[in-house]
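Only one structure is covered here, and it is reproduced in the block below.
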Amino acid sequence: MFIELLTIKGFGKISGLSLELEKGLNIIYGSNESGKTTLQWFIRGMLYGLKGGRASRDGLPPPLKRYKPWSGTDYGGSLQYRLDNECCYRVDRDFERNTTAIYDSSFNNITGNFNSGRDRGLMFAERHLGLNELCFDKTVLIRQMETRLDDDGSGELISRLMNLNQTGQEDLSFIKASEALHQALKKSIGTDRTTTQPADRIALRLAELKEVRRKLVEKRDSLISTSNELQELIITESSLKKRKAYLEAVKVPIDDRGQLEEESLRYSKLSEAAVKLAETEKELLIAKDELKKLQEVENSSNDDVNLGASRRQRDRGKIRWFVILPICAAAGAMVISAIRYQPVWLIAAAVLISAAVSAALFTKYRKDNYKEAIVQKEDAQCHLQQYEQKMQMIIALNGRIKDICSEASIGSGKQVTGTESLEAAVSEKAGVIDTLEGRLQKGINAAFSAGGQYESGFFTASLLKDIIFNSNINWLKDSWDYEMERVNDDLVQTALKLKECETLLRGFREDGDQLQSIDEEIAGLSVKKAELEKTGAALRLALDVLTEVSREIQLSFAPGLNSAMSAIIAGITGGRYRDLRADDSLTLNTISHESSDVRSVIALSGGTVDQMYLALRLAMSDLLSRGRESVPLLLDEVFSQYDDKRTLGTMDYLFNEFKDRQVILFTCKEREVETAVNLTGGRINVVRLL
């Protein structure tokens with residue numbers, strides 16, 4: 001199997017990122033805090049999900065809370081991978097809603113084809129990779145300074161190899177039988193870690209009774225123990241007060257981090273407002289220019305209308321005379337002709353014809369003037385409509401500018417009247433962000449100096465910077481409130497105990513009846529405890545027998561593991577070490593090339609030890625996937641303790657021996673990138689994180 005494509009919508013500090021990976025060697029390069037660890041957790045989370053719950057023993061928040069997006073984007077993404085048989089799959093996860101969907105190469109939703117465990121979620125990765133979450137962590141996922149295996153990882157890997165070797169199946173074997181015996185011990189008797197089972201309750205009650213009895217007897221004879229307890233309480237109270245002072249110092253960078261997020265959001269909104277305001281003012285300038293042109297056209301049109309109306313008025317007078325004069329002339333001619341000539345009808349006809357022609361010409365002229373006036377009126381109305389529309393547009397743009405300036409004024413806390421003042425507000429806000437970032441770093445340094453010895457609780461001092469920068473602000477505030485409340489409660493309880501001790505020291509009244517009652521209860525509980533111890537002894541005997549049998553089976557897979565490790569370490573070290581073996585607990589030993597003695601690898605240099613435990617992990621991953629699906633290797637800063645020669649030798653081995661398998665190397669050193677590029681002739685995939 002190898003991963004082809006990672007798409008991150010939102011995960012911790014990363015959002016909107018897409019990465020393509022290839023078979024063989026891939027290098028993901030980035031400076032410290034560029035997101036390499038976040039990217040590893042994204043890959044692990046996409047395959048096995050993220051666990052919620054409470055903070056871990058070292059004070060870190062659970063992964064589900066730790067990697068909530070900083071930017072408020074969707075919490076999740078997708079991972080596309082291809083199996084050795086060339087079948088391609090895609091997994092989509094929404095960590096916020098706790099939903100998972102699996103698709104085949106045709107995007108058919110095949111989520112229902114996979115089993116789902118209550119605590120393990122959708123188990124598609126177990127089926128396709130052949131590794132559960134813990135085996136994945138302890139073999140193929142090798143984080144910085146975690147090359148060596150802890151007890152939990154060693155036990156899980158040994159059990160899985162035993163199962164496969166003895167039965168051919170992972171889920172059969174001695175694990176279930178061992179778990180059944182352990183559960184019987186836990187429920188019926190209890191273990192060193194349980195606190196609520198029958199034997200635990202009896203032991204706890206006996207301890208309480210004996211402690212009370214001891215105190216009664218001691219207080220009857222002497223008050224020394226109370227004095228000692230008082231001194232311890234004083235020390236505890238002093239430690240709690242220092243813890244409270246440290247938490248108060250931590251509150252400063254938490255508040256600064258919250259203010260930084262708020263100011264960053266305001267800066268983003270102000271920047272968007274600046275762009276909108278510039279665009280709107282540009283539109284307003286264009287609209288005003290167009291309005292001016294319309295005004296000029298309207299003025300010219302009004303002049304033409306006034307000139308036409310004046311001309312028509314003058315022409316009306318001329319037309320009247322043009323009609324009246326011919327008629328009068330014709331009438332005079334008719335009178336004269338009537339006196340001197342005959343017939344009169346001919347003269348009358350001439351007069352009528354002249355009058356008709358004049359009337360026709362007058363009517364045509366009036367129609368032409370009327371049409372001209374109508375056209376001019378329509379043109380004027382059209383210009384007026386365009387003018388009003390443009391005015392409305394200018395009013396709307398001015399209103400928009402006012403709204404943008406008003407919102408920007410609220411966001412910046414200062415009066416914004418235009419582009420210049422808004423750009424000044426943006427610049428000022430950027431300065432505020434720079435100041436807050438510097439103040440945040442100083443606050444973290446001050447808090448670390450105040451509580452460098454505190455390695456418990458949510459705000460572990462050594463990890464404070466990572467916690468402040470990478471955690472959700474709401475979680476930080478809630479966790480701080482919880483921690484401070486717990487410290488205050490402890491201070492109150494300590495003060496009460498101090499008062500109690502001081503009261504006891506002032507005097508003690510012997511109570512013989514209470515002592516007798518305690519002795520009777522202790523006798524009854526001791527009988528019950530003896531009966532439970534017999535049952536526990538029988539169960540432990542069965543567990544010891546089962547463990548002995550499992551050890552014998554364990555010896556059957558040891559030669560193959562040792563042979564694989566020896567071949568790998570010889571390849572990595574160029575033959576300097578050739579014989580590497582693991583004992584029953586996967587502790588490594590080798591043959592010293594100087595003295596030929598068997599030596600624990602812990603006695604060697606740090607770089608050599610890391611190389612040998614890397615060989616163990618590589619061998620384990622090969623054995624667990626032999627005859628099954630190949631699995632990608634994720635290596636995070638594994639060369640941190642290597643010199644140049646070790647780095648070159650290990651990288652050369654990985655490149656040549658894992659060409660058909662995917663290796664993803666995370667590094668912050670440009671030197672390692674250059675070494676890999678030179679070694680492979682550039683035939684590797686290098687991804688640079690900004």
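All residue names refer to the structure tokens as shown: chains lettered A, B, ... in order, residues numbered from 1 in each chain, ligands numbered from 1 in order.
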
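Look at Leu83 (chain A): the protein and nucleic acid residues within 10 Å of it, using only C-alpha atoms and passing over chain neighbours fewer than 5 places away, are Met1, Phe2, Ile3, Cys88, Tyr89, His128, Leu129, Glu629, Ser630 and Val631 of chain A.
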
I want to know what sits within 10 Å of region 68-80 of chain A, based on only C-alpha atoms, with residues of the same chain fewer than 4 positions away left out; could you give that as a PyMOL selection string?
chain A and resi 2-21+42-43+45-47+63-64+88-105+261+265+469-473+475

What is the distance, in Å and to one decimal place, between CA of Leu561 (chain A) and CA of Leu624 (chain A)?
10.4 Å

Tell me which protein, DNA and RNA residues are within 6 Å of region 668-670 of chain A, counting only C-alpha atoms, leaving out same-chain ones fewer than 6 positions away, and put them as number ranges by chain.
A: 29-31

Can you spit out the residues from that selection as a PDB file, in the first residue's frame, using N, CA and C atoms?
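Once written, part_23.pdb looks like this:
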ATOM      1  N   TYR A  29       9.865  18.462   3.744  1.00  0.00           N
ATOM      2  CA  TYR A  29      10.808  19.373   4.392  1.00  0.00           C
ATOM      3  C   TYR A  29      10.071  20.608   4.896  1.00  0.00           C
ATOM      4  N   GLY A  30      10.422  21.035   6.097  1.00  0.00           N
ATOM      5  CA  GLY A  30       9.847  22.260   6.643  1.00  0.00           C
ATOM      6  C   GLY A  30      10.593  22.644   7.902  1.00  0.00           C
ATOM      7  N   SER A  31      10.621  23.927   8.179  1.00  0.00           N
ATOM      8  CA  SER A  31      11.280  24.395   9.391  1.00  0.00           C
ATOM      9  C   SER A  31      10.483  23.960  10.617  1.00  0.00           C
TER      10      SER A  31
END

Quick one: pick out all alpha helix (DSSP H) residues within region 385-625 of chain A from a backbone DSSP run and write them as an NGL selection string.
:A and (385-412 or 419-450 or 464-470 or 473-506 or 512-572 or 606-625)

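Here CA of Ser456 (chain A) is placed at a distance of 9.5 Å from CA of Ser56 (chain A).
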
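What separates CA of Lys499 (chain A) from CA of Leu230 (chain A) is a distance of 9.2 Å.
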
Residue nearest Thr236 (chain A) among A:Asp636, A:Glu281, A:Glu521, A:Asp490 (counting only C-alpha atoms)
A:Asp490
